[in-house]
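structure-v8.txt (compact mmCIF, C-alpha atoms) appears below.
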# COMPACT_ATOMS: atom_id res chain seq x y z
CA MET A 1 84.38 214.90 148.08
CA ARG A 2 85.91 213.90 151.41
CA LEU A 3 84.27 211.03 153.28
CA ASP A 4 83.21 211.41 156.90
CA PHE A 5 82.84 207.91 158.45
CA GLY A 6 82.02 209.46 161.82
CA LEU A 7 85.53 210.76 162.52
CA ASP A 8 86.11 213.92 164.52
CA ARG A 9 87.58 216.24 161.90
CA SER A 10 88.06 219.04 164.43
CA LYS A 11 91.32 217.32 165.47
CA ARG A 12 93.17 218.28 162.32
CA LEU A 13 96.90 217.76 162.74
CA VAL A 14 99.73 220.01 161.67
CA TRP A 15 103.31 219.28 160.66
CA PRO A 16 105.15 217.85 162.50
CA PRO A 17 102.48 215.55 163.96
CA PRO A 18 102.10 215.69 167.76
CA ASP A 19 100.37 212.46 168.89
CA LEU A 20 99.91 210.07 166.01
CA ARG A 21 98.45 207.26 168.12
CA ALA A 22 95.54 209.53 169.05
CA ASN A 23 94.98 210.45 165.40
CA PRO A 24 91.72 208.74 164.25
CA SER A 25 93.01 208.33 160.68
CA PHE A 26 96.74 207.61 160.95
CA CYS A 27 98.01 204.11 160.14
CA LEU A 28 101.61 202.91 160.11
CA ARG A 29 100.85 200.60 157.20
CA ALA A 30 101.05 203.51 154.77
CA PHE A 31 104.68 203.98 155.81
CA LEU A 32 105.80 200.42 156.58
CA SER A 33 103.91 197.92 154.42
CA PHE A 34 102.52 197.33 150.92
CA HIS A 35 100.15 194.82 149.39
CA LEU A 36 100.80 193.31 145.92
CA LEU A 37 98.16 191.47 143.89
CA PRO A 38 98.49 188.75 141.21
CA PRO A 39 98.22 191.21 138.28
CA GLY A 40 101.13 193.21 139.75
CA THR A 41 98.86 195.95 141.06
CA ALA A 42 99.09 197.20 144.63
CA LYS A 43 96.93 198.33 147.54
CA LEU A 44 97.60 200.05 150.84
CA CYS A 45 96.65 196.83 152.64
CA CYS A 46 94.50 193.74 152.25
CA TRP A 47 91.44 195.50 153.70
CA SER A 48 91.61 198.42 151.25
CA PRO A 49 89.06 198.38 148.41
CA ARG A 50 91.22 200.55 146.10
CA SER A 51 94.28 199.88 143.97
CA VAL A 52 97.15 202.35 143.79
CA CYS A 53 96.39 204.42 140.70
CA GLU A 54 97.68 207.21 138.51
CA GLY A 55 94.49 208.90 137.43
CA ASP A 56 92.12 206.08 136.53
CA LYS A 57 94.89 203.58 135.72
CA ALA A 58 96.03 201.03 138.28
CA LEU A 59 99.82 200.97 138.50
CA SER A 60 101.65 197.62 138.21
CA ILE A 61 105.10 196.40 139.24
CA TYR A 62 105.25 194.65 135.86
CA GLU A 63 105.13 198.01 134.09
CA ALA A 64 106.89 200.37 136.51
CA PRO A 65 109.63 200.18 139.15
CA PHE A 66 108.43 199.27 142.61
CA ASP A 67 109.30 202.74 143.96
CA GLU A 68 106.96 204.38 141.46
CA LEU A 69 104.09 202.55 143.17
CA TRP A 70 105.41 202.83 146.73
CA ASN A 71 105.98 206.59 146.38
CA SER A 72 103.28 207.32 143.83
CA ARG A 73 101.20 210.47 144.12
CA HIS A 74 98.40 208.18 145.30
CA MET A 75 100.41 206.82 148.25
CA ARG A 76 101.87 210.21 149.18
CA ASP A 77 98.35 211.69 149.23
CA VAL A 78 97.17 208.84 151.44
CA ARG A 79 100.02 209.44 153.91
CA LYS A 80 99.36 213.16 153.96
CA ALA A 81 95.63 212.68 154.61
CA MET A 82 96.37 210.27 157.43
CA VAL A 83 98.81 212.59 159.18
CA GLU A 84 96.27 215.41 158.85
CA GLY A 85 93.56 213.24 160.39
CA GLN A 86 91.44 213.08 157.25
CA PRO A 87 89.24 209.99 156.65
CA LEU A 88 89.94 207.87 153.59
CA GLU A 89 87.89 205.46 151.51
CA GLU A 90 90.82 203.01 151.74
CA CYS A 91 90.27 202.80 155.48
CA ARG A 92 86.50 202.30 155.69
CA HIS A 93 86.86 198.75 157.05
CA CYS A 94 88.91 199.91 160.02
CA TYR A 95 86.63 202.83 160.83
CA GLU A 96 83.67 200.44 160.93
CA GLU A 97 85.56 197.96 163.11
CA GLU A 98 86.49 200.72 165.55
CA ARG A 99 82.89 201.82 165.88
CA ALA A 100 81.77 198.22 166.42
CA VAL A 101 84.39 196.87 168.84
CA GLY A 102 86.78 199.72 169.62
CA SER A 103 89.79 198.35 167.73
CA SER A 104 90.79 197.50 164.16
CA PRO A 105 93.75 196.48 162.04
CA ARG A 106 94.65 200.20 161.98
CA THR A 107 94.84 200.55 165.76
CA LEU A 108 96.53 197.16 166.13
CA SER A 109 99.10 198.14 163.50
CA ASN A 110 99.91 201.34 165.36
CA ASN A 111 100.02 199.85 168.85
CA GLU A 112 101.01 196.18 168.50
CA TRP A 113 101.65 194.62 165.11
CA PHE A 114 104.48 196.91 164.02
CA ARG A 115 105.98 197.48 167.47
CA GLN A 116 108.69 194.87 166.91
CA ALA A 117 109.43 196.22 163.44
CA LEU A 118 110.06 199.69 164.86
CA GLU A 119 112.25 198.29 167.64
CA MET A 120 114.30 196.25 165.15
CA GLN A 121 114.94 199.35 163.07
CA GLY A 122 115.52 201.67 166.01
CA ARG A 123 112.60 203.87 164.97
CA THR A 124 109.42 205.30 166.45
CA ILE A 125 106.09 206.21 164.90
CA GLU A 126 107.14 209.84 165.00
CA SER A 127 110.53 209.23 163.39
CA VAL A 128 108.94 207.20 160.59
CA VAL A 129 106.73 210.13 159.67
CA GLU A 130 109.50 212.69 160.13
CA GLU A 131 111.74 210.71 157.75
CA ALA A 132 109.05 211.03 155.09
CA GLY A 133 108.90 214.75 155.65
CA PRO A 134 106.30 217.13 154.23
CA THR A 135 106.56 215.46 150.78
CA TYR A 136 105.49 212.12 152.34
CA ARG A 137 108.04 210.23 150.29
CA VAL A 138 109.37 207.07 152.03
CA GLU A 139 112.87 206.25 150.81
CA ARG A 140 113.19 202.99 152.73
CA ALA A 141 111.64 199.88 151.26
CA PRO A 142 108.53 198.92 153.24
CA PHE A 143 109.31 196.77 156.24
CA MET A 144 106.69 194.29 155.03
CA VAL A 145 105.43 193.40 151.55
CA GLN A 146 102.43 191.13 151.19
CA PHE A 147 102.21 189.06 148.00
CA ASP A 148 98.81 187.68 147.04
CA VAL A 149 100.05 184.67 145.08
CA GLY A 150 96.76 183.57 143.53
CA ASN A 151 93.76 181.38 144.33
CA THR A 152 95.09 177.83 143.90
CA CYS A 153 93.61 175.97 146.86
CA ASN A 154 92.62 172.44 147.75
CA LEU A 155 89.80 173.47 150.11
CA ALA A 156 86.37 175.00 149.61
CA CYS A 157 85.74 176.63 152.99
CA ARG A 158 82.15 177.71 153.40
CA MET A 159 82.91 181.38 154.13
CA CYS A 160 85.44 181.66 151.28
CA ASN A 161 84.95 182.74 147.65
CA PRO A 162 86.24 181.98 144.14
CA SER A 163 88.91 184.68 144.15
CA ALA A 164 90.65 182.92 147.06
CA SER A 165 89.91 179.27 146.19
CA SER A 166 90.24 177.57 142.82
CA ARG A 167 88.17 174.70 144.22
CA ILE A 168 85.24 177.05 144.83
CA ALA A 169 85.78 178.62 141.42
CA ALA A 170 85.25 175.18 139.88
CA ASP A 171 82.16 174.41 142.01
CA PRO A 172 78.94 175.76 140.41
CA VAL A 173 76.96 175.30 143.65
CA HIS A 174 79.35 177.22 145.91
CA ARG A 175 80.58 179.87 143.49
CA LYS A 176 77.10 181.26 142.81
CA TRP A 177 77.11 182.51 146.41
CA ALA A 178 80.12 184.73 145.78
CA PRO A 179 79.58 188.45 146.52
CA GLY A 180 77.87 189.90 143.45
CA GLY A 181 76.65 186.51 142.24
CA ASP A 182 78.18 183.70 140.19
CA PRO A 183 81.28 185.06 138.38
CA GLY A 184 81.42 181.96 136.22
CA GLU A 185 84.25 179.48 136.47
CA LEU A 186 87.34 181.59 137.11
CA VAL A 187 90.74 181.05 135.60
CA ILE A 188 93.16 179.98 138.31
CA LEU A 189 95.02 183.10 139.34
CA GLU A 190 98.42 181.44 139.59
CA GLY A 191 99.42 182.31 136.04
CA PRO A 192 99.93 186.09 136.45
CA THR A 193 102.05 185.58 139.56
CA GLY A 194 104.66 183.85 137.42
CA ARG A 195 105.84 187.37 136.69
CA VAL A 196 106.42 188.07 140.39
CA ARG A 197 109.53 185.89 140.52
CA GLU A 198 110.85 187.32 137.26
CA THR A 199 110.32 190.85 138.57
CA VAL A 200 112.09 190.04 141.84
CA GLN A 201 115.02 188.59 139.91
CA ARG A 202 115.28 191.78 137.82
CA GLY A 203 115.75 193.76 141.01
CA LEU A 204 112.30 194.52 142.41
CA PHE A 205 114.08 195.21 145.68
CA PRO A 206 117.73 196.31 145.80
CA LYS A 207 119.76 194.05 148.07
CA ASP A 208 120.65 197.02 150.26
CA ASN A 209 117.04 198.24 150.53
CA HIS A 210 114.65 195.30 150.62
CA PRO A 211 111.71 194.38 152.84
CA GLN A 212 112.55 192.53 156.02
CA HIS A 213 109.24 190.69 156.05
CA VAL A 214 107.66 189.07 152.95
CA TYR A 215 104.18 187.68 153.51
CA LEU A 216 102.80 185.17 150.98
CA PHE A 217 99.11 184.37 150.98
CA GLY A 218 96.13 183.71 148.72
CA GLY A 219 94.68 180.29 148.12
CA GLU A 220 97.10 177.87 149.76
CA PRO A 221 100.65 179.24 149.33
CA PHE A 222 102.33 175.88 149.89
CA LEU A 223 100.49 174.55 146.82
CA ILE A 224 101.36 177.48 144.55
CA LYS A 225 104.51 176.89 142.55
CA GLU A 226 105.38 180.58 142.29
CA ALA A 227 105.26 180.97 146.08
CA LEU A 228 107.60 178.00 146.41
CA ALA A 229 109.83 179.46 143.68
CA LEU A 230 110.10 182.72 145.63
CA ILE A 231 111.23 180.78 148.70
CA ASP A 232 113.93 179.14 146.55
CA TYR A 233 114.94 182.50 145.06
CA PHE A 234 115.53 184.04 148.49
CA LEU A 235 117.52 180.97 149.56
CA ASP A 236 119.59 180.81 146.34
CA ASN A 237 120.53 184.50 146.65
CA ASP A 238 121.51 184.24 150.32
CA MET A 239 118.71 186.64 151.33
CA ALA A 240 116.96 184.22 153.69
CA PRO A 241 119.03 185.15 156.80
CA ARG A 242 117.89 188.77 156.39
CA ILE A 243 114.22 188.14 155.55
CA GLY A 244 111.32 186.95 157.64
CA LEU A 245 108.68 185.01 155.73
CA GLY A 246 105.00 185.03 156.58
CA PHE A 247 102.26 182.73 155.35
CA SER A 248 98.54 182.25 155.75
CA THR A 249 98.16 178.48 155.41
CA ASN A 250 95.45 175.87 155.79
CA ALA A 251 98.11 173.43 157.12
CA THR A 252 97.07 170.59 154.82
CA VAL A 253 100.31 170.47 152.80
CA VAL A 254 103.45 170.09 154.92
CA THR A 255 106.58 168.22 153.82
CA PRO A 256 109.97 167.67 155.48
CA ALA A 257 111.69 169.44 152.55
CA LEU A 258 109.50 172.51 152.97
CA LEU A 259 110.14 172.64 156.72
CA ASP A 260 113.90 172.38 156.15
CA LYS A 261 113.77 175.39 153.81
CA LEU A 262 111.63 177.49 156.13
CA ALA A 263 114.00 176.81 159.03
CA ARG A 264 116.76 178.69 157.14
CA PHE A 265 114.95 182.06 157.16
CA TRP A 266 115.46 184.83 159.70
CA TRP A 267 112.02 184.13 161.12
CA ILE A 268 108.75 182.57 160.04
CA ASP A 269 105.30 183.97 160.81
CA LEU A 270 102.65 181.30 160.25
CA HIS A 271 98.96 182.16 160.43
CA VAL A 272 97.20 178.80 160.49
CA SER A 273 93.62 179.17 159.25
CA LEU A 274 91.44 177.17 161.63
CA ASP A 275 87.73 177.77 162.22
CA GLY A 276 86.92 175.10 164.77
CA ILE A 277 88.02 171.66 165.82
CA GLY A 278 86.76 168.18 164.98
CA PRO A 279 83.37 168.03 163.19
CA VAL A 280 82.95 171.83 163.18
CA PHE A 281 86.31 172.23 161.43
CA GLU A 282 85.57 169.53 158.86
CA TYR A 283 82.10 170.92 158.15
CA ILE A 284 83.42 174.43 157.46
CA ARG A 285 86.80 173.67 155.84
CA TYR A 286 85.72 170.98 153.37
CA PRO A 287 87.27 168.48 152.58
CA ALA A 288 90.09 168.88 155.15
CA ARG A 289 90.48 166.38 158.00
CA TRP A 290 90.95 167.71 161.52
CA ASP A 291 93.37 165.06 162.76
CA ALA A 292 95.78 165.71 159.88
CA VAL A 293 95.65 169.50 160.21
CA ALA A 294 96.05 169.39 164.01
CA ALA A 295 99.08 167.12 163.56
CA ASN A 296 100.60 169.47 160.98
CA THR A 297 100.07 172.46 163.28
CA ARG A 298 102.00 170.62 165.99
CA LEU A 299 104.66 169.74 163.41
CA PHE A 300 105.18 173.44 162.67
CA LEU A 301 105.84 173.99 166.36
CA ASP A 302 108.22 171.05 166.62
CA ARG A 303 110.26 171.66 163.45
CA LEU A 304 110.40 175.45 163.18
CA PRO A 305 112.14 177.02 166.19
CA ASN A 306 112.29 180.28 164.22
CA ALA A 307 108.50 180.38 163.77
CA LYS A 308 105.72 182.26 165.47
CA ILE A 309 102.55 180.21 165.07
CA ILE A 310 99.21 181.99 165.26
CA VAL A 311 95.75 180.45 165.02
CA ALA A 312 93.70 182.62 162.66
CA PRO A 313 89.94 181.96 162.62
CA THR A 314 87.19 183.63 160.64
CA ILE A 315 84.26 184.32 162.95
CA GLN A 316 80.95 183.33 161.35
CA ALA A 317 77.54 181.88 162.10
CA TYR A 318 78.84 178.33 161.75
CA ASN A 319 81.53 178.54 164.41
CA VAL A 320 80.81 181.24 166.98
CA LEU A 321 78.88 178.88 169.28
CA ASN A 322 81.89 176.58 169.49
CA ILE A 323 84.78 179.00 168.95
CA THR A 324 85.93 178.46 172.53
CA ASP A 325 86.89 174.88 171.61
CA LEU A 326 89.32 176.29 169.04
CA PHE A 327 90.63 178.81 171.53
CA ARG A 328 91.28 175.97 174.00
CA PHE A 329 93.20 174.11 171.30
CA ALA A 330 95.40 177.18 170.77
CA ASP A 331 95.89 177.46 174.54
CA SER A 332 96.93 173.80 174.72
CA LEU A 333 99.70 174.51 172.18
CA GLY A 334 100.78 177.67 173.94
CA VAL A 335 100.07 179.80 170.88
CA ASN A 336 98.02 182.93 170.41
CA PHE A 337 95.01 183.43 168.22
CA VAL A 338 94.95 186.55 166.12
CA ALA A 339 92.13 189.09 166.35
CA PRO A 340 89.53 187.06 164.44
CA LYS A 341 88.35 188.18 161.06
CA VAL A 342 84.60 188.39 160.59
CA THR A 343 83.26 186.74 157.48
CA GLN A 344 82.47 189.05 154.56
CA ALA A 345 79.70 186.69 153.41
CA ASP A 346 76.53 188.44 154.58
CA HIS A 347 74.57 185.18 154.76
CA LEU A 348 77.10 183.80 157.28
CA ASN A 349 77.40 186.90 159.46
CA LEU A 350 76.56 186.87 163.14
CA GLU A 351 73.43 188.98 162.60
CA ILE A 352 71.65 185.97 161.06
CA LEU A 353 71.72 184.05 164.34
CA PRO A 354 68.76 184.02 166.72
CA VAL A 355 69.31 186.23 169.76
CA ALA A 356 69.33 183.17 172.03
CA ALA A 357 72.17 181.63 169.99
CA ARG A 358 74.26 184.79 170.22
CA ASP A 359 73.59 185.01 173.97
CA LEU A 360 74.76 181.43 174.44
CA ALA A 361 77.91 182.04 172.39
CA ARG A 362 78.66 185.15 174.42
CA ARG A 363 78.15 183.35 177.76
CA ARG A 364 80.47 180.56 176.65
CA LEU A 365 83.14 183.10 175.70
CA LEU A 366 82.90 185.01 178.97
CA ASP A 367 83.01 181.79 180.99
CA TYR A 368 86.08 180.66 179.05
CA VAL A 369 87.81 184.01 179.61
CA GLU A 370 87.05 183.96 183.34
CA ARG A 371 88.05 180.34 183.99
CA GLU A 372 90.80 179.23 181.64
CA CYS A 373 91.89 181.61 178.88
CA ARG A 374 95.62 182.35 178.65
CA PRO A 375 96.23 186.02 179.56
CA GLU A 376 97.71 186.73 176.11
CA ASN A 377 94.45 185.67 174.45
CA ARG A 378 91.96 187.39 176.75
CA PRO A 379 91.60 190.62 174.71
CA THR A 380 90.91 188.70 171.52
CA ALA A 381 88.34 186.40 173.10
CA LEU A 382 86.63 189.37 174.75
CA SER A 383 86.48 191.21 171.42
CA VAL A 384 84.31 188.41 170.02
CA ALA A 385 82.00 188.60 173.03
CA GLN A 386 81.80 192.38 172.63
CA ARG A 387 80.92 192.01 168.96
CA LEU A 388 78.07 189.67 169.83
CA GLU A 389 76.79 192.06 172.49
CA ALA A 390 76.97 195.03 170.12
CA ILE A 391 74.47 193.42 167.74
CA GLY A 392 71.77 193.63 170.39
CA ASP A 393 68.37 192.18 169.47
CA PHE A 394 68.73 192.70 165.73
CA VAL A 395 68.27 189.65 163.52
CA ASP A 396 68.77 189.93 159.76
CA ALA A 397 65.84 187.77 158.71
CA ALA A 398 66.52 188.10 154.98
CA GLN A 399 70.12 186.93 155.33
CA ALA A 400 69.03 184.22 157.78
CA ALA A 401 66.81 182.79 155.06
CA ARG A 402 69.76 182.87 152.67
CA PHE A 403 71.91 181.14 155.30
CA LEU A 404 69.45 178.25 155.47
CA GLN A 405 69.28 177.99 151.68
CA PHE A 406 73.08 178.12 151.33
CA THR A 407 73.48 175.49 154.05
CA GLN A 408 70.96 173.14 152.46
CA GLU A 409 72.52 173.49 149.00
CA LEU A 410 76.08 172.88 150.14
CA ASP A 411 75.05 170.05 152.45
CA ALA A 412 73.32 168.32 149.55
CA SER A 413 76.23 168.80 147.14
CA ARG A 414 78.87 167.67 149.67
CA GLY A 415 77.08 164.93 151.54
CA GLN A 416 77.32 166.93 154.77
CA SER A 417 74.80 167.70 157.50
CA LEU A 418 74.64 170.78 159.71
CA ALA A 419 72.61 168.87 162.29
CA GLY A 420 75.13 166.04 162.31
CA SER A 421 78.21 168.27 162.51
CA ILE A 422 77.06 171.25 164.59
CA PRO A 423 73.90 170.08 166.38
CA ASP A 424 73.63 172.99 168.85
CA LEU A 425 73.57 175.49 165.98
CA ALA A 426 71.12 173.38 163.95
CA GLY A 427 68.81 173.17 166.96
CA PHE A 428 68.31 176.94 166.97
CA PHE A 429 66.86 176.60 163.48
CA GLY A 430 64.70 173.61 164.34
CA TRP A 431 66.89 171.07 162.52
CA SER A 432 67.73 167.70 164.01
CA PRO A 433 69.84 164.78 162.77
CA ALA A 434 66.69 162.82 162.08
CA GLY A 435 65.10 165.80 160.30
Any chance you could put this one into structure tokens?
Amino acid sequence: MRLDFGLDRSKRLVWPPPDLRANPSFCLRAFLSFHLLPPGTAKLCCWSPRSVCEGDKALSIYEAPFDELWNSRHMRDVRKAMVEGQPLEECRHCYEEERAVGSSPRTLSNNEWFRQALEMQGRTIESVVEEAGPTYRVERAPFMVQFDVGNTCNLACRMCNPSASSRIAADPVHRKWAPGGDPGELVILEGPTGRVRETVQRGLFPKDNHPQHVYLFGGEPFLIKEALALIDYFLDNDMAPRIGLGFSTNATVVTPALLDKLARFWWIDLHVSLDGIGPVFEYIRYPARWDAVAANTRLFLDRLPNAKIIVAPTIQAYNVLNITDLFRFADSLGVNFVAPKVTQADHLNLEILPVAARDLARRRLLDYVERECRPENRPTALSVAQRLEAIGDFVDAAQAARFLQFTQELDASRGQSLAGSIPDLAGFFGWSPAG
């Protein structure tokens, strides 16, 4: 059965597609990018809930050539549905984002994120689809491949979960709050990715038809030996000058040797995961230290002339009151902050906050935008304010109670204090440093 998701299905498109940017289902990611997971399985993108399958079986690059996944019946059906304007389960996240704030990774992919990729290749949205033709087979390797390289991580950020942090997986207090309940202590997911390097060496991508952007993320990539081995593989095979590397990093592990290697790639795209500054940062991103991470972020800027540095926060109850401090830090460095992710942990979502707290956060954002925000960052800052306004007077009392319980449990296990670290937030719940 087809899903609806509130899309206007009267605007069904025909071949060739007329205006793809106006199509409520179309996304360039299905034609230009692919997402690989530690077991070798694949998804349309990181927001998709479904693996690429043949029948009920998830396909894997360890069992089939890359092209059999990239041009599988599954992917060709997804492309066809998108061009025809049909809603897809894979894209539920973006449809919900568009209803809430008017934009999503889908719209940003079509209008901003892949603009440079198209220009580099001398292509347009229309030509990309026309190259695929009515069979929806894409002969070119995807412009970007994202590798999830496992969950090895040295931090246990409050909004994170065991599948993305080995430290949380080993923490019985934190891991029981994972979506769906305590999964038990997870095996570190680095092991399966050992096959990624072997598969690349066997010719995952032909040298004359390889991605131009490889994005490594999951846990902390600069701690994961297979991610580092992939960097060495690209350098040893003289592929670095033709490949841009991307990372999502917590900026706690930076060495001169690593920076020297990264400087040899075509370009570097660094998303630095920051959720506040000072005490707010240290409270959320335990046990990181703000001074060290801020210094490493500046080091990226100083040592990597080929890098685009982006501050990438996760908007949540813990940081929205003070998110403007982080935005000012990004402004001081002359860098942009990416459209912020919203936490997937229901007990940390913005709906748990009292209305007065959300109003204060929104006023702070609007004042920041009006008085001091860099023009490049205005749309992103405004999107957070719009999200707060869209919630209205609703307060999720059940999840608010869980927020307080989660906060108390983690504070006790970590020797932290919400009232001591984020007093304005604690005050809305009647907590004080003395209390």
Task: Residue nearest Pro423 in chain A among A:Ala397, A:Ala288, A:Leu88, A:Leu321 (counting all atoms listed in the file) - done: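 Distance minimum relative to Pro423 in chain A lands on A:Leu321.
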Task: Gln212 in chain A environment, 7 Å, only C-alpha atoms, sequence neighbours closer than 5 positions dropped, as a PyMOL selection string - done: chain A and resi 143-144+242-244
Atoms to include: C-alpha atoms. Write the selected residues as a PDB file, in the coordinates of the input.
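For reference, part38.pdb as written:
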ATOM      1  CA  PHE A 143     109.310 196.770 156.240  1.00  0.00           C
ATOM      2  CA  MET A 144     106.690 194.290 155.030  1.00  0.00           C
ATOM      3  CA  ARG A 242     117.890 188.770 156.390  1.00  0.00           C
ATOM      4  CA  ILE A 243     114.220 188.140 155.550  1.00  0.00           C
ATOM      5  CA  GLY A 244     111.320 186.950 157.640  1.00  0.00           C
TER       6      GLY A 244
END
Can I get the residues of range 249-347 of chain A within 10 Å of range 213-224 of chain A, each with the closest pair of atoms and their distance in Å to one decimal, using all atoms listed in the file, sorted chain first then ascending number, as a tab-separated table?
residue	atom	partner	partner_atom	distance
A:Thr249	CA	A:Glu220	CA	5.8
A:Asn250	CA	A:Glu220	CA	6.6
A:Ala251	CA	A:Glu220	CA	8.7
A:Thr252	CA	A:Glu220	CA	8.9
A:Val253	CA	A:Phe222	CA	6.5
A:Val254	CA	A:Phe222	CA	7.8
A:Thr255	CA	A:Phe222	CA	9.6
A:Leu258	CA	A:Phe222	CA	8.5
A:Trp266	CA	A:His213	CA	9.3
A:Trp267	CA	A:His213	CA	8.7
A:Ile268	CA	A:His213	CA	9.1
A:Asp269	CA	A:Tyr215	CA	8.3
A:Leu270	CA	A:Tyr215	CA	9.4
A:His271	CA	A:Phe217	CA	9.7
TODO: Can you work out which one of A:Trp47, A:Phe34, A:Phe429, A:Phe265 has the shortest atom-to-atom distance to Asp67 in chain A, counting only C-alpha atoms?
DONE: A:Phe34
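Of note, CA of Ser33 in chain A and CA of Phe114 in chain A are spaced 9.7 Å apart.
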Task: CA of Asp359 in chain A to CA of Ile277 in chain A, straight-line distance in Å - done: 21.3 Å
- [ ] Considering only C-alpha atoms, return as a PyMOL selection string whatever protein or nucleic-acid residues lie within 12 Å of Pro142 in chain A, sequence-local ones (same chain, fewer than 2 positions apart) excluded.
- [x] chain A and resi 28-35+44+66-67+69-71+114+117-118+121+128+137-140+144-146+205+209-214
Save out the residues we just selected, C-alpha atoms, as a short mmCIF file (atom, residue, chain, number, x, y, z; two decimals), in the frame of the given file.
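Final output, again37.cif:
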data_model
loop_
_atom_site.label_atom_id
_atom_site.label_comp_id
_atom_site.auth_asym_id
_atom_site.auth_seq_id
_atom_site.Cartn_x
_atom_site.Cartn_y
_atom_site.Cartn_z
CA LEU A 28 101.61 202.91 160.11
CA ARG A 29 100.85 200.60 157.20
CA ALA A 30 101.05 203.51 154.77
CA PHE A 31 104.68 203.98 155.81
CA LEU A 32 105.80 200.42 156.58
CA SER A 33 103.91 197.92 154.42
CA PHE A 34 102.52 197.33 150.92
CA HIS A 35 100.15 194.82 149.39
CA LEU A 44 97.60 200.05 150.84
CA PHE A 66 108.43 199.27 142.61
CA ASP A 67 109.30 202.74 143.96
CA LEU A 69 104.09 202.55 143.17
CA TRP A 70 105.41 202.83 146.73
CA ASN A 71 105.98 206.59 146.38
CA PHE A 114 104.48 196.91 164.02
CA ALA A 117 109.43 196.22 163.44
CA LEU A 118 110.06 199.69 164.86
CA GLN A 121 114.94 199.35 163.07
CA VAL A 128 108.94 207.20 160.59
CA ARG A 137 108.04 210.23 150.29
CA VAL A 138 109.37 207.07 152.03
CA GLU A 139 112.87 206.25 150.81
CA ARG A 140 113.19 202.99 152.73
CA MET A 144 106.69 194.29 155.03
CA VAL A 145 105.43 193.40 151.55
CA GLN A 146 102.43 191.13 151.19
CA PHE A 205 114.08 195.21 145.68
CA ASN A 209 117.04 198.24 150.53
CA HIS A 210 114.65 195.30 150.62
CA PRO A 211 111.71 194.38 152.84
CA GLN A 212 112.55 192.53 156.02
CA HIS A 213 109.24 190.69 156.05
CA VAL A 214 107.66 189.07 152.95
#
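Between Tyr318 in chain A and the candidates A:Ser421, A:Ser273, A:Ser48, A:Ser413, the tightest atom-to-atom separation, counting all atoms listed in the file, involves A:Ser421.
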- [ ] Tell me, as an NGL selection string, which residues lie within 8 Å of Glu351 in chain A, counting only C-alpha atoms; anything in the same chain fewer than 5 positions away does not count.
- [x] :A and (391 or 394-396)
Task: Separation of CA of Asp77 in chain A from CA of Pro24 in chain A in Å - done: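 Computed distance, CA of Pro24 in chain A to CA of Asp77 in chain A, equals 16.7 Å.
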Task: Best match for closeness to Ile310 in chain A among A:Asp148, A:Asp236, A:Glu89, A:Asp331, counting all atoms listed in the file - done: A:Asp331
- [ ] Find the residues near range 164-181 of chain A: any atom within 12 Å, counting all atoms listed in the file, skip ones fewer than 3 places away on the same chain, and give them as a count of residues only.
- [x] 53
Open item on the list: Env of Arg328 in chain A: 10 Å cut, atoms = all atoms listed in the file, seq-sep filter 2 positions within chain, self excluded. Answer as a VMD selection string.
Closed with: chain A and resid 277 323 to 326 330 to 334 368 372 to 374
Task: Of the listed residues A:Arg115, A:Arg21, A:Lys261, A:Lys341, that which approaches Leu274 in chain A most closely, counting only C-alpha atoms - done: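 Ranking A:Arg115, A:Arg21, A:Lys261, A:Lys341 by distance to Leu274 in chain A, first place goes to A:Lys341.
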Assuming 4 Å of padding per side, give the centre and edge lengths of the axis-aligned box around every listed atom of range 101-113 of chain A, in Å to one decimal and as AutoDock Vina command-line options.
--center_x 93.0 --center_y 198.0 --center_z 165.8 --size_x 25.3 --size_y 14.7 --size_z 15.6
